[in-house]
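Here's the structure we're looking at; comments come further down.
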Amino acid sequence: MCTTTPVVQDLSGVWTLTNVNRSFSLDAKVPGSVQTSLESEAIIGNIYYRFNDVNYRWISYDTWSYKTTFTKQFESGNKYLLEFESIDTISEIKFNGITIGKTNNQFRIWRYDVTNYLSREGTWPNTLEVLIYPAALYAKNECEKYPYKVPTDSRSTVELMSGEFNRQFIRKAQCHFGWDWGLAPMTVAINRGVRLIEYSTARINSALVTQSCITQSTYELMVKVNLDSAISDGKVIVAVGEQREWTKTVTVTNSKEIEIKMIIEEPNLWYPIGFGTQELYKVKIRVENNDDQAQDEISKQIGFRCVELIEDPAKNGGLTFYLKVNGIPIFLKGSNFVPLDLFEERITKERIMRFINSTIDANMNMVRIWGGGIYMTDEFYDIADSVGLMIMHDFQFACSMYPINKEFLSNVENEIIDQITRLSHHCSIVNWAGNNENEGALDWWPLDELHPRLYLVDYVKLYLDTIYPLVKKMDPDRIFMPSSPSNGVLSHEPYVLRWGTPSNQSFGDVHFYNYHADCMDARTFPSPRFASEYGYQSLDSTYAWDQISLAEDQKVDSELVNHREHHGNGILQMTAQISTHFSVGDNAMKWDNFIYLTQVQQSLCYQTETEHYRRQRSSEYQTMGALYWQGNTVWTAPSWSSIEFYQGRWKMLHYYAKNFFSDFLISPIESSTNTLSIYAINDLPLKKSDQVTMKLINWESTVLNSQELAIEVGPSQSTVVKALNITEYFGENGCRDRTDCFIAFSSNYSPTNYFWPEYFNKLSLSTPKISVSNIKLLDQNTVEFTLQSDQIALFVFLQTIYPGKFQDNGFLMLKGEEIILKWHAWGDFDFSKFELNLNVKDLSATFD
């Protein structure tokens, strides 16, 4: 009996996994990877343990077979489609022993008509086999047969990262070949779902759903339906919303491609978090025949919003570069996002939720999906839509030039079509960017200098002649940036880039790193329109290192630490920054103390740089964005991240980010003339009045002077609310010199912030004793406790073996001050052992 609507048979589950010579044979989960399957069967150890990133590289150089059998009752007249959401990466697919296709792109959806290959007897098994070949060898072969060299990572860089070569020749996550913050796992995987689809009439092959903002109350919804086969007579119905519904029906005659446009009047709008509600509408797309019988139906969710990139003449020349959402100028605050796990099958909804919740908890409104990783699963974007987290989205090209032969460009074209079709309805995605840093990379390598026009032509061919026309055609209302960073566009019609160094502060966005200058001197930072990358390294906690190392590895200069430090001179750079600001003796260089100091220093570096960018929003520079590198990471190693890989534990930086990204912030900065300017920063579109308390405090915890400042800050503004001469102010209020005092700023709406007149290595500090008392279990997952210190304590940092987050961390305590804090567990924990496993550390622990 013919089916009238598609029937989907999920082929995920347990398959048989073997290598080419059958020396390994085991049951393996699909979706899954060869590496994690071998680990789960104890054939190999923990992939993240010690040097196993290199020890197990042999896995990726073998050929592997995934095989499953299933039964399916064959019905004459029905069609059968096999669909893979993703295969990583070079594979041959066999159905009942016959090769039906080959894959060469991790980012494409692969579909095959298997009607003629299916067993005609329902009781006879069908065999499906996926042979996956070594990606590194494929990339090497593609490189060798290409007519000229294509610039990418140098040999020294690849060797430093314990990585693989020729990544630009294969459409596989570029970070799988190694990066300065990650390992090179070279995953071998069927990493997303597999299904068999049975149908007899028209089936919706894909549906592209986009919106265009006509006015802030009127939108055009565009639905482009692609049917698997032409429908002779029927109709396509699009219904938007549930309680309030817009509907349109289109009659179809002998067509596979149907385009439907609808005008949506006065919908409830979707706003970024902090600026309004996140209204979402279900879009149902239904295909019927003329007898009103359903042929197929799918649904997607959309939010209506106007997103504009404002590039107007700037106050100091050049052009502005910022977003307006529903007419509101928004300062973009957040971090850069890399894959939550390089073994994609381990990215669960729980881990996605934890990351996004951690992002929102830190007062961020945006993440940037970086161009050397992956396009995330639908769940990631669904959650971002629902909470109002904006996404800047790179296409997956990074830090390289790329080939432009016909086969490669065709492959890329199909990748972009698949991903825009899959993702375009997500209101959280505010832009597409062609790549990460490849425009800047045109000047990176000696080959660029030898053949500049050659690689410039290749760049234009890939991003402007191939990718951009697809974006313009398929997703015309979405902002397109040719690269991040770039100087933006000189002209849209025709599309012409504004060529020049992408670090130009007068146009577009910038990526800025300077590890040698003093990171706590704001004068060393640029004043760009938008800082979309910046950062400094730190080490993960001892808890994280304990999971992947031996005691002998836990030294600053150990072989393992050096193996995992993929950024040249990274340990020396961290040590130099710490030495500039803190006393570094033998005790400071002990393992746990050095880790602590790297996290303190990283937090102060990011705070100084981020507050600098935020203060500039109303200045002549009109800076309107700060996305630090990086939010998350992929293993335990020195990195720029604010969240650890192991258990998603927050580093000190993430607690600091919660403060320096606060919607309302008091931020002090001293000029070279000893003038302290006190800024009030208001990111919200409403005027803000506040009462700011400014306290001058000495290192004995005595308040020498306290003032109340009644301030008022206009909407979306940064303004100086008070300026004073530091030398005079200190002298008038009993400070003997700059080492004697500091200033604390607190208010109703701003987190407490500090002005440190001198670096901490110039201070004479006592060693406090911090007590913990009144520990209470408030509910199943929340503990409350009280801290008290007998002396002033700097950078008090709390940690526990249990995964969770503290209400605050990395803070200052005054002598005799009591602080009541909460800790929230992310899972089960033993409350009776909480106090025993609560570690309290302050700066004095690093003193000799």
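Order determines the names: the first chain of the structure tokens is A, the second B, and so forth; residues in each chain are numbered 1 upward, and ligands are numbered 1 upward as they are shown.
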Original post:
as a PyMOL selection string, which residues of stretch 213-406 of chain A does DSSP assign to strand (DSSP E)?
Top reply: chain A and resi 213-215+218-240+246-265+281-289+294-302+307-310+322-325+328-330+332-337+366-369+390-394
Please provide as a PDB file with N, CA and C atoms, in the first residue's frame all residues within 10 Å of A:Met376, with the sequence filter that same-chain residues fewer than 4 positions apart are discarded (counting only C-alpha atoms).
```pdb
ATOM      1  N   PHE A 107      30.413  19.238   5.891  1.00  0.00           N
ATOM      2  CA  PHE A 107      29.370  20.227   6.132  1.00  0.00           C
ATOM      3  C   PHE A 107      28.182  20.104   5.182  1.00  0.00           C
ATOM      4  N   VAL A 338      34.055  28.306  19.774  1.00  0.00           N
ATOM      5  CA  VAL A 338      34.625  27.206  19.004  1.00  0.00           C
ATOM      6  C   VAL A 338      33.798  25.969  19.338  1.00  0.00           C
ATOM      7  N   PRO A 339      33.949  24.869  18.599  1.00  0.00           N
ATOM      8  CA  PRO A 339      33.107  23.696  18.900  1.00  0.00           C
ATOM      9  C   PRO A 339      33.176  23.303  20.370  1.00  0.00           C
ATOM     10  N   LEU A 340      32.041  22.915  20.930  1.00  0.00           N
ATOM     11  CA  LEU A 340      32.011  22.495  22.330  1.00  0.00           C
ATOM     12  C   LEU A 340      32.828  21.231  22.556  1.00  0.00           C
ATOM     13  N   GLU A 344      32.053  15.377  17.857  1.00  0.00           N
ATOM     14  CA  GLU A 344      30.762  16.051  17.802  1.00  0.00           C
ATOM     15  C   GLU A 344      29.649  15.276  18.491  1.00  0.00           C
ATOM     16  N   ILE A 347      28.569  16.359  21.945  1.00  0.00           N
ATOM     17  CA  ILE A 347      27.922  17.657  22.180  1.00  0.00           C
ATOM     18  C   ILE A 347      26.437  17.397  22.449  1.00  0.00           C
ATOM     19  N   ILE A 352      25.141  22.201  25.495  1.00  0.00           N
ATOM     20  CA  ILE A 352      24.773  23.425  24.786  1.00  0.00           C
ATOM     21  C   ILE A 352      24.068  24.394  25.737  1.00  0.00           C
ATOM     22  N   ILE A 369      30.351  32.591  16.066  1.00  0.00           N
ATOM     23  CA  ILE A 369      30.739  31.237  15.685  1.00  0.00           C
ATOM     24  C   ILE A 369      31.890  31.351  14.700  1.00  0.00           C
ATOM     25  N   PHE A 380      21.440  24.173  18.964  1.00  0.00           N
ATOM     26  CA  PHE A 380      22.190  25.355  19.392  1.00  0.00           C
ATOM     27  C   PHE A 380      21.459  26.627  18.978  1.00  0.00           C
ATOM     28  N   TYR A 381      21.048  26.687  17.719  1.00  0.00           N
ATOM     29  CA  TYR A 381      20.392  27.889  17.204  1.00  0.00           C
ATOM     30  C   TYR A 381      18.982  28.034  17.774  1.00  0.00           C
ATOM     31  N   GLN A 419      23.706  24.773   4.170  1.00  0.00           N
ATOM     32  CA  GLN A 419      23.722  25.418   5.478  1.00  0.00           C
ATOM     33  C   GLN A 419      22.806  26.637   5.540  1.00  0.00           C
ATOM     34  N   LEU A 423      19.683  26.915   8.102  1.00  0.00           N
ATOM     35  CA  LEU A 423      19.823  27.847   9.216  1.00  0.00           C
ATOM     36  C   LEU A 423      19.180  29.215   9.023  1.00  0.00           C
TER      37      LEU A 423
END
```
Original post:
Quick one: residues within 8 Å of A:Asn290, only C-alpha atoms counted, chain neighbours fewer than 5 positions away excluded, as a list of chain:residue names?
Top reply: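 Counting only the stated atoms, we get A:Asp233, A:Gly234, A:Lys235.
Going from atom CA of A:Lys324 over to atom CA of A:Asp465, you cover 27.9 Å.
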**OP:** Quick one: everything within 12 Å of stretch 445-447 of chain A, counting only C-alpha atoms, minus sequence neighbours fewer than 5 positions away in the same chain. Send it as JSON, numbers by chain.
**Re:** {"A": [148, 149, 150, 151, 152, 153, 154, 399, 400, 401, 438, 440, 452, 453, 454, 455, 456]}
**OP:** Determine the nearest neighbour of A:Asn587 from the options A:Phe480, A:Phe806, A:Phe847, A:Phe525, counting only C-alpha atoms.
**Re:**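 Using only C-alpha atoms, A:Asn587 sits closest to A:Phe847.
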Original post:
Looking at A:Met589, A:Ser583, A:Tyr543, A:Tyr628, which one is nearest to A:Thr800, with distances taken over only C-alpha atoms?
Top reply: A:Tyr543
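Pairwise distance (atom CA of A:Phe395, atom CA of A:Ala626) equals 20.3 Å.
You can rank A:Ser65, A:Ser844, A:Ser428, A:Thr575 by their closest distance to A:Leu763 using only C-alpha atoms, and at the top of that list sits A:Ser844.
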**OP:** Please provide as a PyMOL selection string all residues within 12 Å of A:Phe834, with the sequence filter that same-chain residues fewer than 5 positions apart are discarded (counting only C-alpha atoms).
**Re:** chain A and resi 772-773+775-777+781-785+799-804+823-825+828-829+839
What does the file look like for those residues with N, CA, C and O atoms, as a PDB file, in the first residue's frame?
```pdb
ATOM      1  N   VAL A 772      35.246  30.088  56.683  1.00  0.00           N
ATOM      2  CA  VAL A 772      33.979  29.697  56.052  1.00  0.00           C
ATOM      3  C   VAL A 772      33.042  29.218  57.146  1.00  0.00           C
ATOM      4  O   VAL A 772      33.420  28.382  57.983  1.00  0.00           O
ATOM      5  N   SER A 773      31.826  29.748  57.162  1.00  0.00           N
ATOM      6  CA  SER A 773      30.866  29.362  58.204  1.00  0.00           C
ATOM      7  C   SER A 773      29.447  29.375  57.653  1.00  0.00           C
ATOM      8  O   SER A 773      29.215  29.771  56.501  1.00  0.00           O
ATOM      9  N   ILE A 775      27.295  27.166  56.634  1.00  0.00           N
ATOM     10  CA  ILE A 775      27.046  26.452  55.379  1.00  0.00           C
ATOM     11  C   ILE A 775      25.658  25.812  55.438  1.00  0.00           C
ATOM     12  O   ILE A 775      25.359  25.023  56.349  1.00  0.00           O
ATOM     13  N   LYS A 776      24.822  26.180  54.471  1.00  0.00           N
ATOM     14  CA  LYS A 776      23.433  25.699  54.458  1.00  0.00           C
ATOM     15  C   LYS A 776      23.081  25.149  53.087  1.00  0.00           C
ATOM     16  O   LYS A 776      23.523  25.677  52.061  1.00  0.00           O
ATOM     17  N   LEU A 777      22.281  24.103  53.069  1.00  0.00           N
ATOM     18  CA  LEU A 777      21.731  23.567  51.822  1.00  0.00           C
ATOM     19  C   LEU A 777      20.367  24.216  51.615  1.00  0.00           C
ATOM     20  O   LEU A 777      19.409  23.903  52.320  1.00  0.00           O
ATOM     21  N   ASN A 781      20.218  21.787  44.836  1.00  0.00           N
ATOM     22  CA  ASN A 781      21.394  22.168  44.056  1.00  0.00           C
ATOM     23  C   ASN A 781      22.079  23.443  44.530  1.00  0.00           C
ATOM     24  O   ASN A 781      23.023  23.898  43.888  1.00  0.00           O
ATOM     25  N   THR A 782      21.640  24.049  45.629  1.00  0.00           N
ATOM     26  CA  THR A 782      22.161  25.355  46.024  1.00  0.00           C
ATOM     27  C   THR A 782      22.658  25.338  47.463  1.00  0.00           C
ATOM     28  O   THR A 782      21.933  24.922  48.373  1.00  0.00           O
ATOM     29  N   VAL A 783      23.881  25.783  47.635  1.00  0.00           N
ATOM     30  CA  VAL A 783      24.493  25.895  48.956  1.00  0.00           C
ATOM     31  C   VAL A 783      24.745  27.375  49.244  1.00  0.00           C
ATOM     32  O   VAL A 783      25.168  28.126  48.360  1.00  0.00           O
ATOM     33  N   GLU A 784      24.485  27.790  50.471  1.00  0.00           N
ATOM     34  CA  GLU A 784      24.802  29.145  50.918  1.00  0.00           C
ATOM     35  C   GLU A 784      25.836  29.060  52.025  1.00  0.00           C
ATOM     36  O   GLU A 784      25.800  28.150  52.858  1.00  0.00           O
ATOM     37  N   PHE A 785      26.771  29.998  52.046  1.00  0.00           N
ATOM     38  CA  PHE A 785      27.795  30.003  53.087  1.00  0.00           C
ATOM     39  C   PHE A 785      28.286  31.431  53.292  1.00  0.00           C
ATOM     40  O   PHE A 785      28.025  32.324  52.475  1.00  0.00           O
ATOM     41  N   GLN A 799      36.901  27.473  44.696  1.00  0.00           N
ATOM     42  CA  GLN A 799      36.779  26.339  43.793  1.00  0.00           C
ATOM     43  C   GLN A 799      36.318  25.120  44.573  1.00  0.00           C
ATOM     44  O   GLN A 799      36.538  25.020  45.788  1.00  0.00           O
ATOM     45  N   THR A 800      35.692  24.198  43.884  1.00  0.00           N
ATOM     46  CA  THR A 800      35.289  22.933  44.481  1.00  0.00           C
ATOM     47  C   THR A 800      35.396  21.845  43.433  1.00  0.00           C
ATOM     48  O   THR A 800      35.357  22.134  42.225  1.00  0.00           O
ATOM     49  N   ILE A 801      35.543  20.614  43.872  1.00  0.00           N
ATOM     50  CA  ILE A 801      35.662  19.508  42.917  1.00  0.00           C
ATOM     51  C   ILE A 801      34.368  19.283  42.156  1.00  0.00           C
ATOM     52  O   ILE A 801      34.363  18.692  41.088  1.00  0.00           O
ATOM     53  N   TYR A 802      33.256  19.764  42.713  1.00  0.00           N
ATOM     54  CA  TYR A 802      31.960  19.528  42.079  1.00  0.00           C
ATOM     55  C   TYR A 802      31.708  20.571  40.989  1.00  0.00           C
ATOM     56  O   TYR A 802      31.959  21.758  41.196  1.00  0.00           O
ATOM     57  N   PRO A 803      31.198  20.153  39.852  1.00  0.00           N
ATOM     58  CA  PRO A 803      30.893  21.139  38.796  1.00  0.00           C
ATOM     59  C   PRO A 803      29.720  22.024  39.188  1.00  0.00           C
ATOM     60  O   PRO A 803      28.692  21.545  39.675  1.00  0.00           O
ATOM     61  N   GLY A 804      29.894  23.313  38.999  1.00  0.00           N
ATOM     62  CA  GLY A 804      28.853  24.269  39.345  1.00  0.00           C
ATOM     63  C   GLY A 804      29.417  25.674  39.232  1.00  0.00           C
ATOM     64  O   GLY A 804      30.520  25.884  38.729  1.00  0.00           O
ATOM     65  N   TRP A 823      26.380  28.941  45.976  1.00  0.00           N
ATOM     66  CA  TRP A 823      26.990  28.097  44.944  1.00  0.00           C
ATOM     67  C   TRP A 823      25.904  27.178  44.407  1.00  0.00           C
ATOM     68  O   TRP A 823      25.135  26.589  45.186  1.00  0.00           O
ATOM     69  N   HIS A 824      25.842  27.089  43.079  1.00  0.00           N
ATOM     70  CA  HIS A 824      24.811  26.265  42.439  1.00  0.00           C
ATOM     71  C   HIS A 824      25.461  25.089  41.727  1.00  0.00           C
ATOM     72  O   HIS A 824      26.342  25.268  40.876  1.00  0.00           O
ATOM     73  N   ALA A 825      25.050  23.894  42.082  1.00  0.00           N
ATOM     74  CA  ALA A 825      25.598  22.676  41.476  1.00  0.00           C
ATOM     75  C   ALA A 825      24.939  22.408  40.130  1.00  0.00           C
ATOM     76  O   ALA A 825      23.747  22.657  39.947  1.00  0.00           O
ATOM     77  N   ASP A 828      24.513  16.168  40.629  1.00  0.00           N
ATOM     78  CA  ASP A 828      24.510  15.610  41.977  1.00  0.00           C
ATOM     79  C   ASP A 828      25.836  15.894  42.676  1.00  0.00           C
ATOM     80  O   ASP A 828      26.901  15.894  42.056  1.00  0.00           O
ATOM     81  N   PHE A 829      25.761  16.122  43.977  1.00  0.00           N
ATOM     82  CA  PHE A 829      26.967  16.314  44.778  1.00  0.00           C
ATOM     83  C   PHE A 829      26.664  15.912  46.207  1.00  0.00           C
ATOM     84  O   PHE A 829      25.502  15.795  46.616  1.00  0.00           O
ATOM     85  N   ASN A 839      37.774  25.011  48.229  1.00  0.00           N
ATOM     86  CA  ASN A 839      39.104  25.607  48.282  1.00  0.00           C
ATOM     87  C   ASN A 839      38.983  27.119  48.172  1.00  0.00           C
ATOM     88  O   ASN A 839      38.351  27.623  47.251  1.00  0.00           O
TER      89      ASN A 839
END
```
Original post:
In terms of the shortest atom-to-atom distance over only C-alpha atoms, which of A:Ser541, A:Asn141, A:Asn632, A:Thr598 is closest to A:Leu798?
Top reply: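 Closest residue, counting only C-alpha atoms: A:Ser541.
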Original post:
Quick one: distance from atom CA of A:Tyr534 to atom CA of A:Cys605 in Å, one decimal?
Top reply: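 Atom CA of A:Cys605 lies at a distance of 10.2 Å from atom CA of A:Tyr534.
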